[in-house]
Amino acid sequence: MTANLNATAKLSSKLRSEASFSFTKSDNQKAAKGAGSAVQIPGVRDAGYLLSLLTWPANDDASNYLNADGTRRKITSGALDTETDNPFWDVNKNLSEDFNNRFVTNVGLIYDPTSWLNLTGRVGWDVNSAQGYRAIHPESAAGITPGGYIESYYSNTSNLNTTLLVTAKKSFGKFNTKLMVGNSVNDNDFRILSTTGSRFFDPNFYSINNTDATTQRSQERIIQSKIIGFFSEMSLDYDKTVYLTLTGREDWTSVLPDPFFYPSVSTSFVFTNLNGLKDKQTLSYGKLRASYAEAANIPSPYSAQPVFNPQLTTDGGYAYGVTGANANLKPEFRKSFELGTELKFFNNRVGLDVAVYSTKTIDPILKNMRLSYGTGFVVTSANFGDLQNQGLEITLNASPIKKENFSWNVSANFSKTRSKLLNLPSVISEYYVSDTWLYGNVRGGVTVGNPLTTLTGNDYLRNNAGEPLIDPNSGYALKDPNFKIIGDRNPDFMLGLQNTFTYKDLSLSFLLDIRKGGDIYNATEFYLYQNGLSTKTLDREQTRIVKGVLRDGLENSATPTQNNIPVRPSVQNEYYRTGAIDADFVEKDINWLRMRDITLSYQMPSEILKKTFINALSLYVTMTDVFIITNYTGADPSVNGTNASTGGAGGTGFDFGVVSTPRGLNLGLKIGL
């Protein structure tokens with residue numbers, strides 16, 4: 001549920017106020033995905049309900065997961081902790097839920113002492129209160145030994161922001177100037193209290209009070225940071241035709257000892273304001289623009305200075321944690337160039353915006369970088385490796401039909417990006433995000449000179465001619481023990497197409513999301529393949545010879561020995577296991593056409609509302625992710641095998657036990673007072 005309120009008030013001829021308030025309440029019931037639950041599956045440490053459902057015996061009704069007395073139904077004669085959790089049991093008995101209440105409020109005072117001077121002060125407060133838990137039933141595979149357990153948390157996030165601005169505007173003939181100076185303060189406070197307990201007294205009551213007191217543990221964590229910034233902006237234009245803007249900002253932060261400065265400059269030229277080009281119907285508006293900007297990103301709090309953590313061991317106390325501080329940390333700087341043009345045609349009925357950009361990230365901050373245990377720590381944050389992103393964005397807007405009672409507006413957005421890792425320390429050949437190493441030997445790895453979105457993993461071991469090498473003892477293909485680039489998740493381009501049809505007070509809009517290219521690691525298919533459940537294993541009775549050359553000492557000669565060893569998978573099961581090559585499960589050049597959303601809205605006529613205290617009233621219904629057409633063989637190519645906290649390029653393109661994007665239905669009401 002979301003509620004918003006905005007209000008303005010004129011306190012005098014020179015003073016006015018603005019205020020806004022929003023409240024969001026959410027309840028998120030989560031079922032485990034991928035390898036992140038308590039269900040045990042051979043070959044996987046933990047697995048979500050989708051994987052257990054896919055591997056459940058086809059001749060058993062999985063929805064029958066309870067005995068008559070309410071206990072867990074088993075399908076084998078073994079102990080509970082030796083049997084895979086029923087997926088329905090997992091969803092209904094191993095629970096995880098988050099509750100959030102978020103308040104965002106902003107209050108501003110605007111004072112105009114003269115026609116050319118403005119003073120503005122704003123205060124914003126963003127408060128998020130959350131609580132949640134994750135509980136494992138005592139009869140679940142992972143709950144047998146501890147007798148069931150629960151992890152719960154209570155957190156509060158408070159972000160207080162203040163801004164003071166002084167703006168002066170003056171015109172001198174055809175020259176228009178604006179000078180702005182200001183100060184901002186961002187005060188961030190995060191507190192979380194987490195508790196754990198095990199040995200449930202009542203197996204179906206999920207509360208920390210329902211656990212053995214001797215097993216209960218509690219810990220509070222407080223993270224605070226502050227940023228104080230002073231900034232200025234100077235703008236100049238000549239006759240509303242040529243524009244120049246300069247900005248500069250210097251920040252002081254509690255995270256780092258020294259302040260840092262970052263500037264920007266932008267210019268534009270509205271050439272249709274020149275004499276001879278004004279008031280033309282064919283080209284209604286034309287602008288060229290260019291900009292250079294720097295932006296800074298700071299490390300996480302306490303990354304640069306050591307802090308003590310409370311200990312839960314005997315006698316308690318404080319000690320350093322597993323994360324080591326790095327006193328040499330510097331801000332991460334992004335330096336961006338952009339060139340673009342904005343054109344409008346036929347009395348603004350058609351608009352075109354084109355932009356090309358290049359962004360270089362200097363001294364990027366890498367979190368959780370592994371350390372030698374000899375340092376006394378496990379991970380740290382560090383600056384190393386420079387990154388580059390380049391791209392093209394094109395936006396086309398048009399109003400093909402514009403009648404009194406009916407209109408059709410269309411907008412298309414095309415984007416194409418390319419990235420590159422420019423350098424790494426000489427002792428590091430590959431940087432990878434360990435959180436993306438979900439199944440098999442494929443991970444989100446990147447090497448110098450290659451995109452930041454590559455997949456690295458085990459490929460075929462090959463001879464000098466590029467032919468796969470075959471083990472002469474088994475007839476299986478040999479794996480290259482070195483991680484090589486086996487895919488790139490970055491698409492060739494993305495295209496969004498928005499259409500809006502309006503008839504009187506009714507409006508219908510829909511957004512089509514189109515993607516061309518990009519690779520996806522179908523680890524779910526790989527898992528099913530290795531366990532004989534994939535359709536790719538239906539030909540297991542057929543004898544075959546794996547294509548390649550034998551590794552018999554002649555593999556790099558002019559006449560290598562072609563493999564002639566027959567393999568019959570139905571009696572040689574390792575063909576699907578040790579004989580499987582991870583790279584074969586990276587699906588190449590994945591495309592999709594997705595109906596991202598459809599919205600039908602109704603705007604109440606003003607004639608009906610004029611006798612009420614309501615100025616505007618509208619109702620809408622939105623359906624999201626309505627359908628998808630794709631060449632991907634898995635459930636959904638728009639997958640992320642990890643979560644939003646994963647660094648680097650994240651877990652996009654990793655499909656392991658991930659449920660496809662659900663179809664959603666939203667109802668809404670907007671009221672203006």
# chains A, B, ... in the order shown; residues from 1 in each chain; ligands from 1

call {"tool": "closest_atom_pairs", "arguments": {"of": "stretch 453-545 of chain A", "to": "stretch 646-651 of chain A", "cutoff": "12 Å", "atoms": "only C-alpha atoms", "output": "Markdown table"}}
result
| residue | atom | partner | partner_atom | distance |
| --- | --- | --- | --- | --- |
| A:Thr453 | CA | A:Ala649 | CA | 5.9 |
| A:Thr454 | CA | A:Ala649 | CA | 8.9 |
| A:Leu455 | CA | A:Ala649 | CA | 10.4 |
| A:Asp488 | CA | A:Ala649 | CA | 11.0 |
| A:Arg489 | CA | A:Ala649 | CA | 9.2 |
| A:Asn490 | CA | A:Ala649 | CA | 9.7 |
| A:Ile520 | CA | A:Gly651 | CA | 10.5 |
| A:Tyr521 | CA | A:Gly651 | CA | 10.4 |

call {"tool": "residues_around", "arguments": {"residues": "stretch 313-324 of chain A", "least_positions_apart": "4", "cutoff": "9 Å", "atoms": "only C-alpha atoms", "output": "NGL selection string"}}
result
:A and (303-309 or 368 or 371 or 375-381)

call {"tool": "write_last_selection", "arguments": {"atoms": "N, CA, C and O atoms", "output": "PDB file, in the first residue's frame"}}
result
ATOM      1  N   SER A 303      35.010   1.189   6.431  1.00  0.00           N
ATOM      2  CA  SER A 303      35.908   0.451   5.537  1.00  0.00           C
ATOM      3  C   SER A 303      37.349   0.906   5.673  1.00  0.00           C
ATOM      4  O   SER A 303      38.269   0.129   5.427  1.00  0.00           O
ATOM      5  N   ALA A 304      37.538   2.175   6.052  1.00  0.00           N
ATOM      6  CA  ALA A 304      38.889   2.732   6.074  1.00  0.00           C
ATOM      7  C   ALA A 304      39.499   2.766   7.471  1.00  0.00           C
ATOM      8  O   ALA A 304      40.688   3.076   7.611  1.00  0.00           O
ATOM      9  N   GLN A 305      38.735   2.486   8.492  1.00  0.00           N
ATOM     10  CA  GLN A 305      39.267   2.507   9.846  1.00  0.00           C
ATOM     11  C   GLN A 305      38.756   1.294  10.615  1.00  0.00           C
ATOM     12  O   GLN A 305      37.611   0.884  10.446  1.00  0.00           O
ATOM     13  N   PRO A 306      39.595   0.678  11.417  1.00  0.00           N
ATOM     14  CA  PRO A 306      39.197  -0.554  12.114  1.00  0.00           C
ATOM     15  C   PRO A 306      38.165  -0.277  13.198  1.00  0.00           C
ATOM     16  O   PRO A 306      38.175   0.780  13.840  1.00  0.00           O
ATOM     17  N   VAL A 307      37.269  -1.219  13.392  1.00  0.00           N
ATOM     18  CA  VAL A 307      36.247  -1.116  14.423  1.00  0.00           C
ATOM     19  C   VAL A 307      36.145  -2.460  15.136  1.00  0.00           C
ATOM     20  O   VAL A 307      36.484  -3.509  14.583  1.00  0.00           O
ATOM     21  N   PHE A 308      35.682  -2.415  16.351  1.00  0.00           N
ATOM     22  CA  PHE A 308      35.484  -3.633  17.131  1.00  0.00           C
ATOM     23  C   PHE A 308      34.051  -4.129  16.970  1.00  0.00           C
ATOM     24  O   PHE A 308      33.109  -3.343  16.849  1.00  0.00           O
ATOM     25  N   ASN A 309      33.910  -5.440  17.004  1.00  0.00           N
ATOM     26  CA  ASN A 309      32.596  -6.081  16.941  1.00  0.00           C
ATOM     27  C   ASN A 309      32.346  -6.845  18.238  1.00  0.00           C
ATOM     28  O   ASN A 309      33.268  -7.434  18.800  1.00  0.00           O
ATOM     29  N   ASN A 368      34.677  -6.746  -0.208  1.00  0.00           N
ATOM     30  CA  ASN A 368      34.853  -8.163   0.138  1.00  0.00           C
ATOM     31  C   ASN A 368      35.926  -8.850  -0.703  1.00  0.00           C
ATOM     32  O   ASN A 368      35.758  -9.989  -1.143  1.00  0.00           O
ATOM     33  N   LEU A 371      41.545 -11.774   1.430  1.00  0.00           N
ATOM     34  CA  LEU A 371      42.877 -11.506   1.970  1.00  0.00           C
ATOM     35  C   LEU A 371      43.536 -12.817   2.398  1.00  0.00           C
ATOM     36  O   LEU A 371      42.859 -13.830   2.617  1.00  0.00           O
ATOM     37  N   THR A 375      46.922 -12.073   7.464  1.00  0.00           N
ATOM     38  CA  THR A 375      46.680 -10.683   7.862  1.00  0.00           C
ATOM     39  C   THR A 375      45.832 -10.596   9.124  1.00  0.00           C
ATOM     40  O   THR A 375      45.715  -9.531   9.724  1.00  0.00           O
ATOM     41  N   GLY A 376      45.202 -11.710   9.502  1.00  0.00           N
ATOM     42  CA  GLY A 376      44.286 -11.692  10.636  1.00  0.00           C
ATOM     43  C   GLY A 376      42.854 -11.409  10.232  1.00  0.00           C
ATOM     44  O   GLY A 376      41.956 -11.400  11.078  1.00  0.00           O
ATOM     45  N   PHE A 377      42.625 -11.155   8.940  1.00  0.00           N
ATOM     46  CA  PHE A 377      41.280 -10.875   8.438  1.00  0.00           C
ATOM     47  C   PHE A 377      40.989 -11.796   7.257  1.00  0.00           C
ATOM     48  O   PHE A 377      41.862 -12.512   6.769  1.00  0.00           O
ATOM     49  N   VAL A 378      39.743 -11.716   6.769  1.00  0.00           N
ATOM     50  CA  VAL A 378      39.333 -12.560   5.646  1.00  0.00           C
ATOM     51  C   VAL A 378      39.094 -11.728   4.393  1.00  0.00           C
ATOM     52  O   VAL A 378      39.511 -12.096   3.299  1.00  0.00           O
ATOM     53  N   VAL A 379      38.408 -10.593   4.540  1.00  0.00           N
ATOM     54  CA  VAL A 379      38.085  -9.754   3.385  1.00  0.00           C
ATOM     55  C   VAL A 379      38.381  -8.296   3.718  1.00  0.00           C
ATOM     56  O   VAL A 379      38.527  -7.915   4.893  1.00  0.00           O
ATOM     57  N   THR A 380      38.435  -7.467   2.681  1.00  0.00           N
ATOM     58  CA  THR A 380      38.635  -6.031   2.845  1.00  0.00           C
ATOM     59  C   THR A 380      38.063  -5.325   1.628  1.00  0.00           C
ATOM     60  O   THR A 380      37.596  -5.953   0.675  1.00  0.00           O
ATOM     61  N   SER A 381      38.096  -3.997   1.646  1.00  0.00           N
ATOM     62  CA  SER A 381      37.742  -3.185   0.481  1.00  0.00           C
ATOM     63  C   SER A 381      39.011  -2.557  -0.068  1.00  0.00           C
ATOM     64  O   SER A 381      39.923  -2.230   0.699  1.00  0.00           O
TER      65      SER A 381
END

call {"tool": "closest_residue", "arguments": {"among": "A:Phe200, A:Tyr460, A:Tyr602, A:Tyr620", "to": "A:Asp584", "atoms": "only C-alpha atoms"}}
result
A:Tyr460

call {"tool": "atom_distance", "arguments": {"atom1": "atom CA of A:Leu452", "atom2": "atom CA of A:Thr341"}}
result
28.4 Å

call {"tool": "select_by_dssp", "arguments": {"residues": "stretch 69-188 of chain A", "states": "alpha helix (DSSP H)", "output": "number ranges by chain"}}
result
A: 87-93

call {"tool": "atom_distance", "arguments": {"atom1": "atom CA of A:Thr500", "atom2": "atom CA of A:Leu669"}}
result
19.1 Å

call {"tool": "residues_around", "arguments": {"residues": "A:Ser411", "least_positions_apart": "3", "cutoff": "9 Å", "atoms": "only C-alpha atoms", "output": "list in words"}}
result
Thr395, Leu396, Asn397, Ala398, Ser399, Gly496, Leu497, Gln498, Asn499 and Thr500 of chain A

call {"tool": "closest_atom_pairs", "arguments": {"of": "stretch 41-109 of chain A", "to": "stretch 124-135 of chain A", "cutoff": "12 Å", "atoms": "only C-alpha atoms", "output": "JSON lines"}}
result
{"residue": "A:Asp90", "atom": "CA", "partner": "A:Ala135", "partner_atom": "CA", "distance": 10.6}
{"residue": "A:Val91", "atom": "CA", "partner": "A:Ala135", "partner_atom": "CA", "distance": 11.2}
{"residue": "A:Asn92", "atom": "CA", "partner": "A:Ala135", "partner_atom": "CA", "distance": 10.8}
{"residue": "A:Lys93", "atom": "CA", "partner": "A:Ala135", "partner_atom": "CA", "distance": 8.1}
{"residue": "A:Asn94", "atom": "CA", "partner": "A:Ala135", "partner_atom": "CA", "distance": 5.6}
{"residue": "A:Leu95", "atom": "CA", "partner": "A:Ala135", "partner_atom": "CA", "distance": 5.3}
{"residue": "A:Ser96", "atom": "CA", "partner": "A:Arg134", "partner_atom": "CA", "distance": 4.2}
{"residue": "A:Glu97", "atom": "CA", "partner": "A:Gly132", "partner_atom": "CA", "distance": 5.4}
{"residue": "A:Asp98", "atom": "CA", "partner": "A:Gly132", "partner_atom": "CA", "distance": 4.2}
{"residue": "A:Phe99", "atom": "CA", "partner": "A:Gln131", "partner_atom": "CA", "distance": 5.3}
{"residue": "A:Asn100", "atom": "CA", "partner": "A:Ala130", "partner_atom": "CA", "distance": 4.4}
{"residue": "A:Asn101", "atom": "CA", "partner": "A:Ser129", "partner_atom": "CA", "distance": 5.2}
{"residue": "A:Arg102", "atom": "CA", "partner": "A:Asn128", "partner_atom": "CA", "distance": 4.3}
{"residue": "A:Phe103", "atom": "CA", "partner": "A:Val127", "partner_atom": "CA", "distance": 5.2}
{"residue": "A:Val104", "atom": "CA", "partner": "A:Asp126", "partner_atom": "CA", "distance": 4.4}
{"residue": "A:Thr105", "atom": "CA", "partner": "A:Trp125", "partner_atom": "CA", "distance": 5.4}
{"residue": "A:Asn106", "atom": "CA", "partner": "A:Gly124", "partner_atom": "CA", "distance": 4.2}
{"residue": "A:Val107", "atom": "CA", "partner": "A:Gly124", "partner_atom": "CA", "distance": 6.5}
{"residue": "A:Gly108", "atom": "CA", "partner": "A:Gly124", "partner_atom": "CA", "distance": 8.6}

call {"tool": "write_last_selection", "arguments": {"atoms": "C-alpha atoms", "output": "mmCIF file, in the first residue's frame"}}
result
data_model
loop_
_atom_site.group_PDB
_atom_site.id
_atom_site.type_symbol
_atom_site.label_atom_id
_atom_site.label_comp_id
_atom_site.auth_asym_id
_atom_site.auth_seq_id
_atom_site.Cartn_x
_atom_site.Cartn_y
_atom_site.Cartn_z
ATOM 1 C CA ASP A 90 9.159 -26.176 2.174
ATOM 2 C CA VAL A 91 6.837 -23.390 1.018
ATOM 3 C CA ASN A 92 4.317 -23.897 3.832
ATOM 4 C CA LYS A 93 6.575 -24.852 6.750
ATOM 5 C CA ASN A 94 9.931 -23.152 6.119
ATOM 6 C CA LEU A 95 8.764 -19.568 6.221
ATOM 7 C CA SER A 96 10.419 -16.240 5.541
ATOM 8 C CA GLU A 97 8.663 -12.898 5.715
ATOM 9 C CA ASP A 98 9.543 -9.187 5.752
ATOM 10 C CA PHE A 99 7.372 -6.296 6.976
ATOM 11 C CA ASN A 100 8.247 -2.728 5.997
ATOM 12 C CA ASN A 101 6.850 0.685 6.901
ATOM 13 C CA ARG A 102 8.489 3.606 5.129
ATOM 14 C CA PHE A 103 7.832 7.316 5.705
ATOM 15 C CA VAL A 104 9.330 9.964 3.430
ATOM 16 C CA THR A 105 8.654 13.609 4.155
ATOM 17 C CA ASN A 106 10.060 16.837 2.729
ATOM 18 C CA VAL A 107 9.425 20.384 3.918
ATOM 19 C CA GLY A 108 10.685 23.492 2.181
#

call {"tool": "atom_distance", "arguments": {"atom1": "atom CA of A:Arg418", "atom2": "atom CA of A:Ile628"}}
result
25.4 Å

call {"tool": "residues_around", "arguments": {"residues": "A:Pro364", "least_positions_apart": "4", "cutoff": "7 Å", "atoms": "only C-alpha atoms", "output": "PyMOL selection string"}}
result
chain A and resi 332+383-386

call {"tool": "write_last_selection", "arguments": {"atoms": "N, CA and C atoms", "output": "PDB file, in the first residue's frame"}}
result
ATOM      1  N   GLU A 332      35.867   6.571  -5.262  1.00  0.00           N
ATOM      2  CA  GLU A 332      35.756   6.075  -6.634  1.00  0.00           C
ATOM      3  C   GLU A 332      35.202   7.211  -7.494  1.00  0.00           C
ATOM      4  N   ASN A 383      40.784  -0.203  -3.693  1.00  0.00           N
ATOM      5  CA  ASN A 383      40.689   0.431  -5.002  1.00  0.00           C
ATOM      6  C   ASN A 383      41.615  -0.286  -5.960  1.00  0.00           C
ATOM      7  N   PHE A 384      41.089  -0.839  -7.020  1.00  0.00           N
ATOM      8  CA  PHE A 384      41.976  -1.308  -8.083  1.00  0.00           C
ATOM      9  C   PHE A 384      41.175  -1.619  -9.335  1.00  0.00           C
ATOM     10  N   GLY A 385      41.871  -1.494 -10.477  1.00  0.00           N
ATOM     11  CA  GLY A 385      41.261  -1.767 -11.772  1.00  0.00           C
ATOM     12  C   GLY A 385      40.396  -0.610 -12.230  1.00  0.00           C
ATOM     13  N   ASP A 386      40.610  -0.123 -13.440  1.00  0.00           N
ATOM     14  CA  ASP A 386      39.786   0.931 -14.008  1.00  0.00           C
ATOM     15  C   ASP A 386      38.793   0.325 -14.993  1.00  0.00           C
TER      16      ASP A 386
END

call {"tool": "closest_residue", "arguments": {"among": "A:Val255, A:Val185, A:Val270, A:Val410", "to": "A:Asp237", "atoms": "only C-alpha atoms"}}
result
A:Val270

call {"tool": "closest_residue", "arguments": {"among": "A:Leu495, A:Val621, A:Ile428, A:Ala290", "to": "A:Arg370", "atoms": "only C-alpha atoms"}}
result
A:Ile428

call {"tool": "residues_around", "arguments": {"residues": "A:Thr652", "least_positions_apart": "6", "cutoff": "7 Å", "atoms": "only C-alpha atoms", "output": "list in words"}}
result
Val639, Asn640 and Gly641 of chain A

call {"tool": "select_by_dssp", "arguments": {"residues": "stretch 144-266 of chain A", "states": "strand (DSSP E)", "output": "number ranges by chain"}}
result
A: 149-172, 175-198, 217-238, 242-253, 260-266

call {"tool": "closest_residue", "arguments": {"among": "A:Leu538, A:Ala644, A:Thr241, A:Asn326", "to": "A:Leu277", "atoms": "only C-alpha atoms"}}
result
A:Thr241

call {"tool": "residues_around", "arguments": {"residues": "A:Asp519", "least_positions_apart": "2", "cutoff": "7 Å", "atoms": "only C-alpha atoms", "output": "list of chain:residue names"}}
result
A:Gly487, A:Asp488, A:Arg489, A:Gly517, A:Tyr521, A:Val586, A:Glu587, A:Lys588, A:Asp589, A:Ile590, A:Gly653

call {"tool": "write_last_selection", "arguments": {"atoms": "N, CA, C and O atoms", "output": "PDB file, in the first residue's frame"}}
result
ATOM      1  N   GLY A 487      31.078 -16.789 -22.226  1.00  0.00           N
ATOM      2  CA  GLY A 487      29.849 -16.096 -22.565  1.00  0.00           C
ATOM      3  C   GLY A 487      29.897 -14.650 -22.138  1.00  0.00           C
ATOM      4  O   GLY A 487      30.791 -14.226 -21.392  1.00  0.00           O
ATOM      5  N   ASP A 488      28.925 -13.885 -22.629  1.00  0.00           N
ATOM      6  CA  ASP A 488      28.801 -12.473 -22.266  1.00  0.00           C
ATOM      7  C   ASP A 488      27.314 -12.167 -22.104  1.00  0.00           C
ATOM      8  O   ASP A 488      26.515 -12.344 -23.031  1.00  0.00           O
ATOM      9  N   ARG A 489      26.952 -11.724 -20.912  1.00  0.00           N
ATOM     10  CA  ARG A 489      25.540 -11.488 -20.606  1.00  0.00           C
ATOM     11  C   ARG A 489      24.996 -10.204 -21.216  1.00  0.00           C
ATOM     12  O   ARG A 489      23.779  -9.997 -21.253  1.00  0.00           O
ATOM     13  N   GLY A 517      20.043 -10.468 -28.200  1.00  0.00           N
ATOM     14  CA  GLY A 517      21.365 -10.979 -27.852  1.00  0.00           C
ATOM     15  C   GLY A 517      21.631 -11.032 -26.361  1.00  0.00           C
ATOM     16  O   GLY A 517      20.811 -10.674 -25.523  1.00  0.00           O
ATOM     17  N   TYR A 521      23.438 -18.413 -18.523  1.00  0.00           N
ATOM     18  CA  TYR A 521      23.879 -19.708 -18.011  1.00  0.00           C
ATOM     19  C   TYR A 521      22.683 -20.428 -17.423  1.00  0.00           C
ATOM     20  O   TYR A 521      22.161 -20.043 -16.375  1.00  0.00           O
ATOM     21  N   VAL A 586      25.703 -22.699 -21.417  1.00  0.00           N
ATOM     22  CA  VAL A 586      25.563 -21.259 -21.613  1.00  0.00           C
ATOM     23  C   VAL A 586      24.830 -21.065 -22.937  1.00  0.00           C
ATOM     24  O   VAL A 586      25.366 -21.365 -24.008  1.00  0.00           O
ATOM     25  N   GLU A 587      23.584 -20.607 -22.865  1.00  0.00           N
ATOM     26  CA  GLU A 587      22.782 -20.422 -24.071  1.00  0.00           C
ATOM     27  C   GLU A 587      23.116 -19.070 -24.691  1.00  0.00           C
ATOM     28  O   GLU A 587      23.071 -18.031 -24.029  1.00  0.00           O
ATOM     29  N   LYS A 588      23.412 -19.105 -25.992  1.00  0.00           N
ATOM     30  CA  LYS A 588      23.943 -17.934 -26.686  1.00  0.00           C
ATOM     31  C   LYS A 588      22.838 -17.143 -27.385  1.00  0.00           C
ATOM     32  O   LYS A 588      21.832 -17.696 -27.827  1.00  0.00           O
ATOM     33  N   ASP A 589      23.094 -15.845 -27.481  1.00  0.00           N
ATOM     34  CA  ASP A 589      22.248 -14.934 -28.280  1.00  0.00           C
ATOM     35  C   ASP A 589      20.766 -15.084 -27.948  1.00  0.00           C
ATOM     36  O   ASP A 589      19.936 -15.432 -28.794  1.00  0.00           O
ATOM     37  N   ILE A 590      20.440 -14.815 -26.698  1.00  0.00           N
ATOM     38  CA  ILE A 590      19.059 -14.931 -26.231  1.00  0.00           C
ATOM     39  C   ILE A 590      18.294 -13.641 -26.538  1.00  0.00           C
ATOM     40  O   ILE A 590      18.747 -12.534 -26.217  1.00  0.00           O
ATOM     41  N   GLY A 653      21.645 -13.056 -15.568  1.00  0.00           N
ATOM     42  CA  GLY A 653      22.066 -14.063 -16.530  1.00  0.00           C
ATOM     43  C   GLY A 653      22.425 -15.398 -15.913  1.00  0.00           C
ATOM     44  O   GLY A 653      22.838 -16.312 -16.625  1.00  0.00           O
TER      45      GLY A 653
END

call {"tool": "closest_atom_pairs", "arguments": {"of": "stretch 340-372 of chain A", "to": "stretch 293-297 of chain A", "cutoff": "10 Å", "atoms": "only C-alpha atoms", "output": "tab-separated table"}}
result
residue	atom	partner	partner_atom	distance
A:Thr359	CA	A:Ala293	CA	9.3
A:Lys360	CA	A:Glu294	CA	9.6
A:Thr361	CA	A:Ala295	CA	9.5
A:Ile362	CA	A:Ala296	CA	9.7
A:Pro364	CA	A:Asn297	CA	8.6
A:Ile365	CA	A:Asn297	CA	8.4

call {"tool": "closest_residue", "arguments": {"among": "A:Asn328, A:Thr177, A:Asn156, A:Ser225", "to": "A:Ile192", "atoms": "only C-alpha atoms"}}
result
A:Asn156

call {"tool": "decode", "arguments": {"residues": "stretch 8-20 of chain A", "atoms": "N, CA and C atoms", "output": "compact mmCIF listing (two decimals), in the first residue's frame"}}
result
# COMPACT_ATOMS: atom_id res chain seq x y z
N THR A 8 1.14 22.92 -0.96
CA THR A 8 1.87 24.19 -1.04
C THR A 8 1.04 25.26 -0.34
N ALA A 9 1.72 26.27 0.17
CA ALA A 9 1.02 27.37 0.86
C ALA A 9 1.77 28.67 0.61
N LYS A 10 1.03 29.73 0.32
CA LYS A 10 1.63 31.06 0.14
C LYS A 10 1.47 31.82 1.45
N LEU A 11 2.60 31.98 2.16
CA LEU A 11 2.57 32.61 3.47
C LEU A 11 2.56 34.13 3.39
N SER A 12 3.17 34.68 2.36
CA SER A 12 3.15 36.12 2.11
C SER A 12 3.49 36.32 0.65
N SER A 13 3.61 37.55 0.23
CA SER A 13 3.93 37.82 -1.17
C SER A 13 5.34 37.37 -1.53
N LYS A 14 6.20 37.17 -0.53
CA LYS A 14 7.57 36.78 -0.80
C LYS A 14 7.96 35.42 -0.19
N LEU A 15 7.07 34.84 0.55
CA LEU A 15 7.40 33.60 1.25
C LEU A 15 6.33 32.54 0.98
N ARG A 16 6.78 31.37 0.62
CA ARG A 16 5.85 30.26 0.41
C ARG A 16 6.49 28.98 0.95
N SER A 17 5.67 27.98 1.14
CA SER A 17 6.15 26.71 1.68
C SER A 17 5.67 25.56 0.81
N GLU A 18 6.43 24.48 0.87
CA GLU A 18 6.09 23.26 0.15
C GLU A 18 6.27 22.09 1.10
N ALA A 19 5.43 21.10 0.97
CA ALA A 19 5.56 19.91 1.81
C ALA A 19 5.04 18.70 1.04
N SER A 20 5.68 17.59 1.29
CA SER A 20 5.24 16.33 0.69
C SER A 20 5.42 15.21 1.71
